[in-house]
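To start, the structure itself, in structure tokens.
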Amino acid sequence: MFRRLKRTRLKSSLRDLVRETQLHRQDFIYPLFVMHGTNIKHEVPSMPQVYQLSIDNVLKECEELSKLGLYHILLFGLPKHKDSFGSEALSDEGIIARACQEIKKHHPQMLISVDLCFCEYTEHGHCGILDKKLDSVDNDATLEILGQQAVVLAASGADMIAPSAMMDGMVTTIRRFLDQSGFAHIPIMSYSTKFASGYYGPFRDVANSAPSFGDRKSYQEDPANRREAILESLTDELEGADILMVKPALAYLDIVRDIRERTLLPLAVYNVSGEYAMLKCAQKAGLIDYERVLLETLVGFKRAGADIIISYHAKEVAQIL
């Protein structure tokens with residue numbers, strides 16, 4: 001006798017009954033890009049249906065998301081002013097601080113995560129204060145302004161801090177700043193394993209955050225290093241992160257599984273701009289059954305071990321589900 005595994009595949013109702021991995025609306029976080037001004041909704045050429053939005057249009061977007069059953073957003077800021085240390089990010093009049101205040105006033109049901117970094121706010125496009133001797137980022141000086149930025153955004157209404165700078169010690173520092181400022185209840189979702197990836201290209205179009213010189217390989221994770229990638233996330237767990245993350249997702253599902261097997265913390269993946277753009281290009285060219293491939297990709301993230309998916313696809317997936 002041999003095992004007949006096909007018995008539970010013959011009918012759709014049976015397949016539904018034994019399905020191991022399910023997608024739900026509550027799995028998703030939807031990124032939004034916020035800029036100064038009013039009545040602004042600029043579509044990003046490399047990312048169809050993704051927009052740079054003024055705060056009034058972000059509020060409209062929150063209303064639409066709520067109707068779809070999506071209540072968790074991740075905010076990125078497009079400042080008016082850039083300088084060597086990203087001063088707008090440290091002001092309660094900065095674009096993300098103002099956006100948090102307005103969203104909480106008009107849509108208190110939205111759970112707001114805020115990306116914590118300086119690449120969008122610095123004139124050089126790197127993720128913190130520069131160390132000119134190293135021709136890279138000054139890790140420890142950047143820690144201090146990350147802590148300040150976290151407090152400003154928590155005070156403005158952010159529900160969760162999501163540091164993406166890949167600075168050593170950033171979770172410890174941010175936790176200390178938050179706790180000492182009366183925000184011990186605010187969780188940290190750390191971009192704990194963030195690779196120096198080519199998949200970020202379209203994001204840099206929408207966020208205007210490409211480095212003006214060099215690259216970020218001196219502080220983001222080497223795509224070739226598996227053990228170090230695991231260690232990055234486990235280190236952030238020890239420092240007090242509440243949620244870990246792997247970014248990008250698609251080419252790093254082995255790392256997602258590796259981390260999942262070593263931690264009990266919730267684990268997020270960021271389905272990044274290049275992954276999104278590739279599927280959209282294939283859809284436009286008629287090369288794939290788009291909806292089927294989209295859902296297959298997202299199920300793959302969860303099957304690998306992700307609990308949370310940050311994705312530009314979230315709205316269309318909510319409509320499918």
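As shown in the structure tokens, the chain order sets the letters A, B, ...; within each chain, residues go from 1, and ligands are also counted from 1 in the order they appear.
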
Requested in this report: Please run DSSP on the backbone and report, as a PyMOL selection string, all residues within segment 196-282 of chain A that come out as helix (DSSP H, G or I).
Outcome: chain A and resi 198-207+226-239+250-260+273-282

List every residue of segment 177-273 of chain A that has an atom at most 10 Å from any atom of segment 277-280 of chain A, and for each one report the closest atom pair and its distance in Å to one decimal, counting only C-alpha atoms, with rows sorted by chain and then by increasing residue number, as a Markdown table.
```
| residue | atom | partner | partner_atom | distance |
| --- | --- | --- | --- | --- |
| A:Tyr199 | CA | A:Ala277 | CA | 9.4 |
| A:Gly201 | CA | A:Ala277 | CA | 9.6 |
| A:Pro202 | CA | A:Ala277 | CA | 7.5 |
| A:Phe203 | CA | A:Ala277 | CA | 9.8 |
| A:Val272 | CA | A:Ala277 | CA | 8.8 |
| A:Ser273 | CA | A:Ala277 | CA | 6.0 |
```

Could those residues be written to a file, using all heavy atoms, as a compact mmCIF listing (two decimals), in the first residue's frame?
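And here is the file that came out, result_24.txt:
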```
# COMPACT_ATOMS: atom_id res chain seq x y z
N TYR A 199 16.98 45.64 -4.95
CA TYR A 199 15.53 45.66 -5.09
C TYR A 199 14.89 46.96 -4.61
O TYR A 199 13.68 47.13 -4.72
CB TYR A 199 14.92 44.50 -4.29
CG TYR A 199 14.98 43.16 -4.97
CD1 TYR A 199 16.03 42.29 -4.71
CD2 TYR A 199 13.98 42.75 -5.84
CE1 TYR A 199 16.09 41.04 -5.32
CE2 TYR A 199 14.03 41.51 -6.46
CZ TYR A 199 15.08 40.66 -6.19
OH TYR A 199 15.14 39.43 -6.80
N GLY A 201 15.44 50.00 -5.83
CA GLY A 201 15.52 51.06 -6.82
C GLY A 201 14.29 51.95 -6.93
O GLY A 201 14.38 53.18 -6.80
N PRO A 202 13.08 51.40 -7.16
CA PRO A 202 11.91 52.27 -7.30
C PRO A 202 11.58 53.06 -6.04
O PRO A 202 11.07 54.18 -6.13
CB PRO A 202 10.80 51.27 -7.64
CG PRO A 202 11.49 50.11 -8.27
CD PRO A 202 12.78 50.00 -7.53
N PHE A 203 11.87 52.51 -4.86
CA PHE A 203 11.62 53.24 -3.62
C PHE A 203 12.39 54.56 -3.62
O PHE A 203 11.88 55.59 -3.15
CB PHE A 203 12.04 52.40 -2.41
CG PHE A 203 11.93 53.12 -1.09
CD1 PHE A 203 10.76 53.06 -0.35
CD2 PHE A 203 12.99 53.87 -0.60
CE1 PHE A 203 10.66 53.74 0.86
CE2 PHE A 203 12.90 54.55 0.61
CZ PHE A 203 11.72 54.48 1.34
N VAL A 272 9.31 44.67 -1.01
CA VAL A 272 9.84 46.00 -1.36
C VAL A 272 9.47 46.44 -2.77
O VAL A 272 8.89 45.70 -3.56
CB VAL A 272 11.38 46.04 -1.17
CG1 VAL A 272 11.75 45.77 0.27
CG2 VAL A 272 12.07 45.07 -2.12
N SER A 273 9.86 47.67 -3.07
CA SER A 273 9.44 48.35 -4.30
C SER A 273 9.84 47.60 -5.56
O SER A 273 9.06 47.52 -6.53
CB SER A 273 10.03 49.76 -4.33
OG SER A 273 11.45 49.72 -4.29
```

Query raised in the report: In segment 80-268 of chain A, what's strand (DSSP E or B) per DSSP? Answer as a PyMOL selection string?
Result: chain A and resi 83+111-116+122+130-131+136-137+160-163+188-189+193-195+221+243-247+267-268

Quick one: write out the picked residues with N, CA, C and O atoms as a short mmCIF file (atom, residue, chain, number, x, y, z; two decimals), in the first residue's frame?
```cif
data_model
loop_
_atom_site.label_atom_id
_atom_site.label_comp_id
_atom_site.auth_asym_id
_atom_site.auth_seq_id
_atom_site.Cartn_x
_atom_site.Cartn_y
_atom_site.Cartn_z
N ASP A 83 19.27 68.73 5.06
CA ASP A 83 20.58 69.23 5.46
C ASP A 83 21.45 68.06 5.86
O ASP A 83 21.08 66.90 5.66
N LEU A 111 -3.63 52.29 13.03
CA LEU A 111 -2.41 52.01 13.77
C LEU A 111 -1.24 52.52 12.93
O LEU A 111 -1.01 52.03 11.82
N ILE A 112 -0.54 53.51 13.45
CA ILE A 112 0.50 54.19 12.68
C ILE A 112 1.88 53.69 13.09
O ILE A 112 2.31 53.89 14.23
N SER A 113 2.58 53.08 12.15
CA SER A 113 4.02 52.84 12.32
C SER A 113 4.76 53.92 11.55
O SER A 113 4.29 54.39 10.51
N VAL A 114 5.92 54.31 12.04
CA VAL A 114 6.71 55.35 11.38
C VAL A 114 8.10 54.81 11.09
O VAL A 114 8.76 54.25 11.96
N ASP A 115 8.51 54.96 9.85
CA ASP A 115 9.88 54.61 9.48
C ASP A 115 10.83 55.60 10.13
O ASP A 115 10.64 56.82 10.04
N LEU A 116 11.84 55.07 10.81
CA LEU A 116 12.78 55.91 11.55
C LEU A 116 14.14 55.82 10.88
O LEU A 116 14.86 54.82 11.03
N THR A 122 18.33 63.86 4.67
CA THR A 122 19.69 64.39 4.55
C THR A 122 19.99 64.75 3.10
O THR A 122 19.54 64.08 2.17
N LEU A 130 27.27 61.88 8.79
CA LEU A 130 28.43 61.30 8.11
C LEU A 130 29.69 61.39 8.95
O LEU A 130 29.92 62.36 9.68
N ASP A 131 30.49 60.35 8.85
CA ASP A 131 31.85 60.35 9.38
C ASP A 131 32.77 60.50 8.18
O ASP A 131 32.97 59.55 7.41
N SER A 136 31.59 57.17 5.53
CA SER A 136 30.40 56.38 5.81
C SER A 136 29.63 57.11 6.91
O SER A 136 29.88 58.29 7.20
N VAL A 137 28.67 56.42 7.52
CA VAL A 137 27.84 57.02 8.56
C VAL A 137 28.50 56.86 9.92
O VAL A 137 29.06 55.81 10.24
N MET A 160 3.85 52.88 16.70
CA MET A 160 4.98 51.96 16.68
C MET A 160 6.14 52.61 15.93
O MET A 160 5.94 53.29 14.91
N ILE A 161 7.34 52.42 16.45
CA ILE A 161 8.55 52.96 15.86
C ILE A 161 9.23 51.85 15.06
O ILE A 161 9.45 50.75 15.57
N ALA A 162 9.59 52.16 13.80
CA ALA A 162 10.20 51.16 12.92
C ALA A 162 11.54 51.69 12.41
O ALA A 162 11.63 52.28 11.33
N PRO A 163 12.61 51.48 13.18
CA PRO A 163 13.92 51.99 12.76
C PRO A 163 14.52 51.16 11.64
O PRO A 163 14.60 49.94 11.72
N ILE A 188 8.74 48.66 19.31
CA ILE A 188 9.73 48.88 18.24
C ILE A 188 9.67 47.69 17.29
O ILE A 188 9.86 46.55 17.69
N MET A 189 9.36 47.99 16.03
CA MET A 189 9.45 46.99 14.96
C MET A 189 10.73 47.29 14.18
O MET A 189 10.76 48.18 13.33
N THR A 193 17.10 42.84 9.98
CA THR A 193 17.99 42.30 8.94
C THR A 193 17.60 42.96 7.62
O THR A 193 16.68 42.53 6.94
N LYS A 194 18.30 44.03 7.32
CA LYS A 194 18.02 44.82 6.11
C LYS A 194 19.25 44.74 5.20
O LYS A 194 20.34 45.17 5.57
N PHE A 195 19.04 44.18 4.03
CA PHE A 195 20.15 43.93 3.11
C PHE A 195 20.45 45.14 2.22
O PHE A 195 19.55 45.92 1.91
N GLU A 221 23.22 45.04 5.44
CA GLU A 221 23.70 43.66 5.45
C GLU A 221 24.12 43.17 4.07
O GLU A 221 23.45 43.44 3.06
N ILE A 243 9.27 43.44 17.50
CA ILE A 243 9.00 42.76 16.24
C ILE A 243 10.28 42.83 15.41
O ILE A 243 10.93 43.88 15.36
N LEU A 244 10.65 41.73 14.77
CA LEU A 244 11.81 41.69 13.89
C LEU A 244 11.35 41.78 12.44
O LEU A 244 10.18 41.60 12.12
N MET A 245 12.29 42.04 11.54
CA MET A 245 11.94 42.19 10.13
C MET A 245 13.08 41.76 9.24
O MET A 245 14.27 41.97 9.57
N VAL A 246 12.73 41.18 8.08
CA VAL A 246 13.67 40.92 7.00
C VAL A 246 13.25 41.75 5.80
O VAL A 246 12.08 41.77 5.41
N LYS A 247 14.20 42.45 5.22
CA LYS A 247 13.96 43.31 4.06
C LYS A 247 15.16 43.22 3.12
O LYS A 247 16.29 43.41 3.59
N LEU A 267 7.46 38.24 13.40
CA LEU A 267 8.43 38.49 12.34
C LEU A 267 7.73 39.11 11.13
O LEU A 267 6.73 38.57 10.64
N ALA A 268 8.25 40.23 10.67
CA ALA A 268 7.71 40.93 9.50
C ALA A 268 8.65 40.75 8.31
O ALA A 268 9.86 40.51 8.47
#
```

Please report as CSV every residue of segment 20-63 of chain A lying within 12 Å of segment 85-106 of chain A, along with the nearest atom pair and their distance in Å (one decimal), using only C-alpha atoms.
```
residue,atom,partner,partner_atom,distance
A:Leu32,CA,A:Ile96,CA,10.5
A:Phe33,CA,A:Ile96,CA,9.3
A:Val34,CA,A:Ile95,CA,7.0
A:Met35,CA,A:Ile95,CA,6.4
A:His36,CA,A:Ile95,CA,6.4
A:Gly37,CA,A:Ile95,CA,9.9
A:Leu53,CA,A:Ala99,CA,10.6
A:Ser54,CA,A:Ala99,CA,8.9
A:Ile55,CA,A:Ala99,CA,6.0
A:Asp56,CA,A:Glu102,CA,8.8
A:Asn57,CA,A:Ala99,CA,10.6
A:Val58,CA,A:Ile103,CA,8.0
A:Leu59,CA,A:Ile103,CA,6.3
A:Lys60,CA,A:His106,CA,9.9
A:Glu61,CA,A:Ile103,CA,10.3
A:Cys62,CA,A:Ile103,CA,7.9
A:Glu63,CA,A:His106,CA,9.2
```

Just-selected residues, N, CA, C and O atoms written as a PDB file, in the first residue's frame:
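So part-v8.pdb came out as:
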```pdb
ATOM      1  N   LEU A  32       2.819  54.447   3.134  1.00  0.00           N
ATOM      2  CA  LEU A  32       2.346  55.710   2.558  1.00  0.00           C
ATOM      3  C   LEU A  32       3.483  56.728   2.577  1.00  0.00           C
ATOM      4  O   LEU A  32       4.242  56.802   3.555  1.00  0.00           O
ATOM      5  N   PHE A  33       3.552  57.531   1.517  1.00  0.00           N
ATOM      6  CA  PHE A  33       4.613  58.528   1.363  1.00  0.00           C
ATOM      7  C   PHE A  33       3.981  59.920   1.448  1.00  0.00           C
ATOM      8  O   PHE A  33       3.138  60.269   0.625  1.00  0.00           O
ATOM      9  N   VAL A  34       4.402  60.691   2.454  1.00  0.00           N
ATOM     10  CA  VAL A  34       3.732  61.940   2.790  1.00  0.00           C
ATOM     11  C   VAL A  34       4.638  63.126   2.500  1.00  0.00           C
ATOM     12  O   VAL A  34       5.836  63.105   2.835  1.00  0.00           O
ATOM     13  N   MET A  35       4.046  64.169   1.889  1.00  0.00           N
ATOM     14  CA  MET A  35       4.816  65.370   1.577  1.00  0.00           C
ATOM     15  C   MET A  35       4.043  66.624   1.964  1.00  0.00           C
ATOM     16  O   MET A  35       2.827  66.581   2.180  1.00  0.00           O
ATOM     17  N   HIS A  36       4.742  67.732   2.062  1.00  0.00           N
ATOM     18  CA  HIS A  36       4.128  69.010   2.376  1.00  0.00           C
ATOM     19  C   HIS A  36       3.257  69.476   1.211  1.00  0.00           C
ATOM     20  O   HIS A  36       3.470  69.088   0.059  1.00  0.00           O
ATOM     21  N   GLY A  37       2.302  70.347   1.528  1.00  0.00           N
ATOM     22  CA  GLY A  37       1.429  70.907   0.504  1.00  0.00           C
ATOM     23  C   GLY A  37       0.006  70.421   0.670  1.00  0.00           C
ATOM     24  O   GLY A  37      -0.339  69.752   1.646  1.00  0.00           O
ATOM     25  N   LEU A  53       1.828  61.738  -1.455  1.00  0.00           N
ATOM     26  CA  LEU A  53       0.559  62.333  -1.043  1.00  0.00           C
ATOM     27  C   LEU A  53       0.771  63.478  -0.061  1.00  0.00           C
ATOM     28  O   LEU A  53       1.601  63.380   0.850  1.00  0.00           O
ATOM     29  N   SER A  54      -0.002  64.541  -0.219  1.00  0.00           N
ATOM     30  CA  SER A  54      -0.086  65.549   0.831  1.00  0.00           C
ATOM     31  C   SER A  54      -0.979  65.013   1.942  1.00  0.00           C
ATOM     32  O   SER A  54      -1.720  64.040   1.762  1.00  0.00           O
ATOM     33  N   ILE A  55      -0.933  65.648   3.101  1.00  0.00           N
ATOM     34  CA  ILE A  55      -1.636  65.107   4.266  1.00  0.00           C
ATOM     35  C   ILE A  55      -3.135  65.000   4.026  1.00  0.00           C
ATOM     36  O   ILE A  55      -3.772  64.016   4.442  1.00  0.00           O
ATOM     37  N   ASP A  56      -3.740  65.969   3.323  1.00  0.00           N
ATOM     38  CA  ASP A  56      -5.177  65.882   3.065  1.00  0.00           C
ATOM     39  C   ASP A  56      -5.524  64.622   2.265  1.00  0.00           C
ATOM     40  O   ASP A  56      -6.555  63.979   2.508  1.00  0.00           O
ATOM     41  N   ASN A  57      -4.661  64.245   1.343  1.00  0.00           N
ATOM     42  CA  ASN A  57      -4.915  63.024   0.574  1.00  0.00           C
ATOM     43  C   ASN A  57      -4.548  61.760   1.355  1.00  0.00           C
ATOM     44  O   ASN A  57      -5.117  60.688   1.101  1.00  0.00           O
ATOM     45  N   VAL A  58      -3.619  61.872   2.288  1.00  0.00           N
ATOM     46  CA  VAL A  58      -3.354  60.742   3.184  1.00  0.00           C
ATOM     47  C   VAL A  58      -4.602  60.436   4.014  1.00  0.00           C
ATOM     48  O   VAL A  58      -4.954  59.266   4.227  1.00  0.00           O
ATOM     49  N   LEU A  59      -5.293  61.472   4.458  1.00  0.00           N
ATOM     50  CA  LEU A  59      -6.522  61.262   5.231  1.00  0.00           C
ATOM     51  C   LEU A  59      -7.585  60.567   4.392  1.00  0.00           C
ATOM     52  O   LEU A  59      -8.299  59.674   4.884  1.00  0.00           O
ATOM     53  N   LYS A  60      -7.692  60.932   3.125  1.00  0.00           N
ATOM     54  CA  LYS A  60      -8.624  60.249   2.224  1.00  0.00           C
ATOM     55  C   LYS A  60      -8.211  58.786   2.035  1.00  0.00           C
ATOM     56  O   LYS A  60      -9.048  57.891   1.970  1.00  0.00           O
ATOM     57  N   GLU A  61      -6.917  58.569   1.940  1.00  0.00           N
ATOM     58  CA  GLU A  61      -6.405  57.207   1.777  1.00  0.00           C
ATOM     59  C   GLU A  61      -6.731  56.365   3.014  1.00  0.00           C
ATOM     60  O   GLU A  61      -7.101  55.187   2.896  1.00  0.00           O
ATOM     61  N   CYS A  62      -6.622  56.958   4.193  1.00  0.00           N
ATOM     62  CA  CYS A  62      -6.942  56.236   5.423  1.00  0.00           C
ATOM     63  C   CYS A  62      -8.411  55.843   5.453  1.00  0.00           C
ATOM     64  O   CYS A  62      -8.762  54.747   5.926  1.00  0.00           O
ATOM     65  N   GLU A  63      -9.267  56.706   4.947  1.00  0.00           N
ATOM     66  CA  GLU A  63     -10.695  56.381   4.884  1.00  0.00           C
ATOM     67  C   GLU A  63     -10.941  55.190   3.954  1.00  0.00           C
ATOM     68  O   GLU A  63     -11.695  54.270   4.278  1.00  0.00           O
TER      69      GLU A  63
END
```

Query - atom CA of Met166 of chain A to atom CA of Tyr219 of chain A, straight-line distance in Å - result: 6.2 Å

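Between Met167 of chain A and the residues A:Ile129, A:Ile230, A:Ile309, A:Phe301, the shortest atom-to-atom distance, using only C-alpha atoms, involves A:Ile129.
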
**Report entry** From A:Gly182, A:Gly198, A:Gly240, A:Gly69, residue lying nearest Val152 of chain A [only C-alpha atoms]
**Finding:** A:Gly182

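Considering the residues A:Pro266, A:Gly286, A:Gly274, A:Pro45 and counting only C-alpha atoms, Asp307 of chain A has its shortest atom-to-atom contact with A:Pro266.
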
Report task. Please provide the set of residues having any atom within 8 Å of Tyr51 of chain A, restricted to only C-alpha atoms, with same-chain residues fewer than 6 positions apart removed, written as number ranges by chain. Result -> A: 32-33, 41-44, 206

With N, CA and C atoms kept, could you save the residues just selected as a PDB file, in the first residue's frame?
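Result file part_38.pdb:
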```pdb
ATOM      1  N   LEU A  32       2.819  54.447   3.134  1.00  0.00           N
ATOM      2  CA  LEU A  32       2.346  55.710   2.558  1.00  0.00           C
ATOM      3  C   LEU A  32       3.483  56.728   2.577  1.00  0.00           C
ATOM      4  N   PHE A  33       3.552  57.531   1.517  1.00  0.00           N
ATOM      5  CA  PHE A  33       4.613  58.528   1.363  1.00  0.00           C
ATOM      6  C   PHE A  33       3.981  59.920   1.448  1.00  0.00           C
ATOM      7  N   LYS A  41      -1.183  64.440  -5.255  1.00  0.00           N
ATOM      8  CA  LYS A  41      -1.251  62.988  -5.429  1.00  0.00           C
ATOM      9  C   LYS A  41      -0.463  62.657  -6.695  1.00  0.00           C
ATOM     10  N   HIS A  42       0.841  62.458  -6.526  1.00  0.00           N
ATOM     11  CA  HIS A  42       1.741  62.195  -7.644  1.00  0.00           C
ATOM     12  C   HIS A  42       1.993  60.697  -7.763  1.00  0.00           C
ATOM     13  N   GLU A  43       1.575  60.098  -8.848  1.00  0.00           N
ATOM     14  CA  GLU A  43       1.865  58.684  -9.058  1.00  0.00           C
ATOM     15  C   GLU A  43       3.342  58.512  -9.395  1.00  0.00           C
ATOM     16  N   VAL A  44       3.939  57.454  -8.851  1.00  0.00           N
ATOM     17  CA  VAL A  44       5.352  57.173  -9.076  1.00  0.00           C
ATOM     18  C   VAL A  44       5.477  56.352 -10.368  1.00  0.00           C
ATOM     19  N   VAL A 206      10.451  57.236  -5.312  1.00  0.00           N
ATOM     20  CA  VAL A 206       9.309  57.801  -4.590  1.00  0.00           C
ATOM     21  C   VAL A 206       9.751  58.584  -3.361  1.00  0.00           C
TER      22      VAL A 206
END
```

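With only C-alpha atoms as the atoms that count, the residue of A:Leu253, A:Val151, A:Met47, A:Ala141 with the shortest distance to Gly128 of chain A is A:Ala141.
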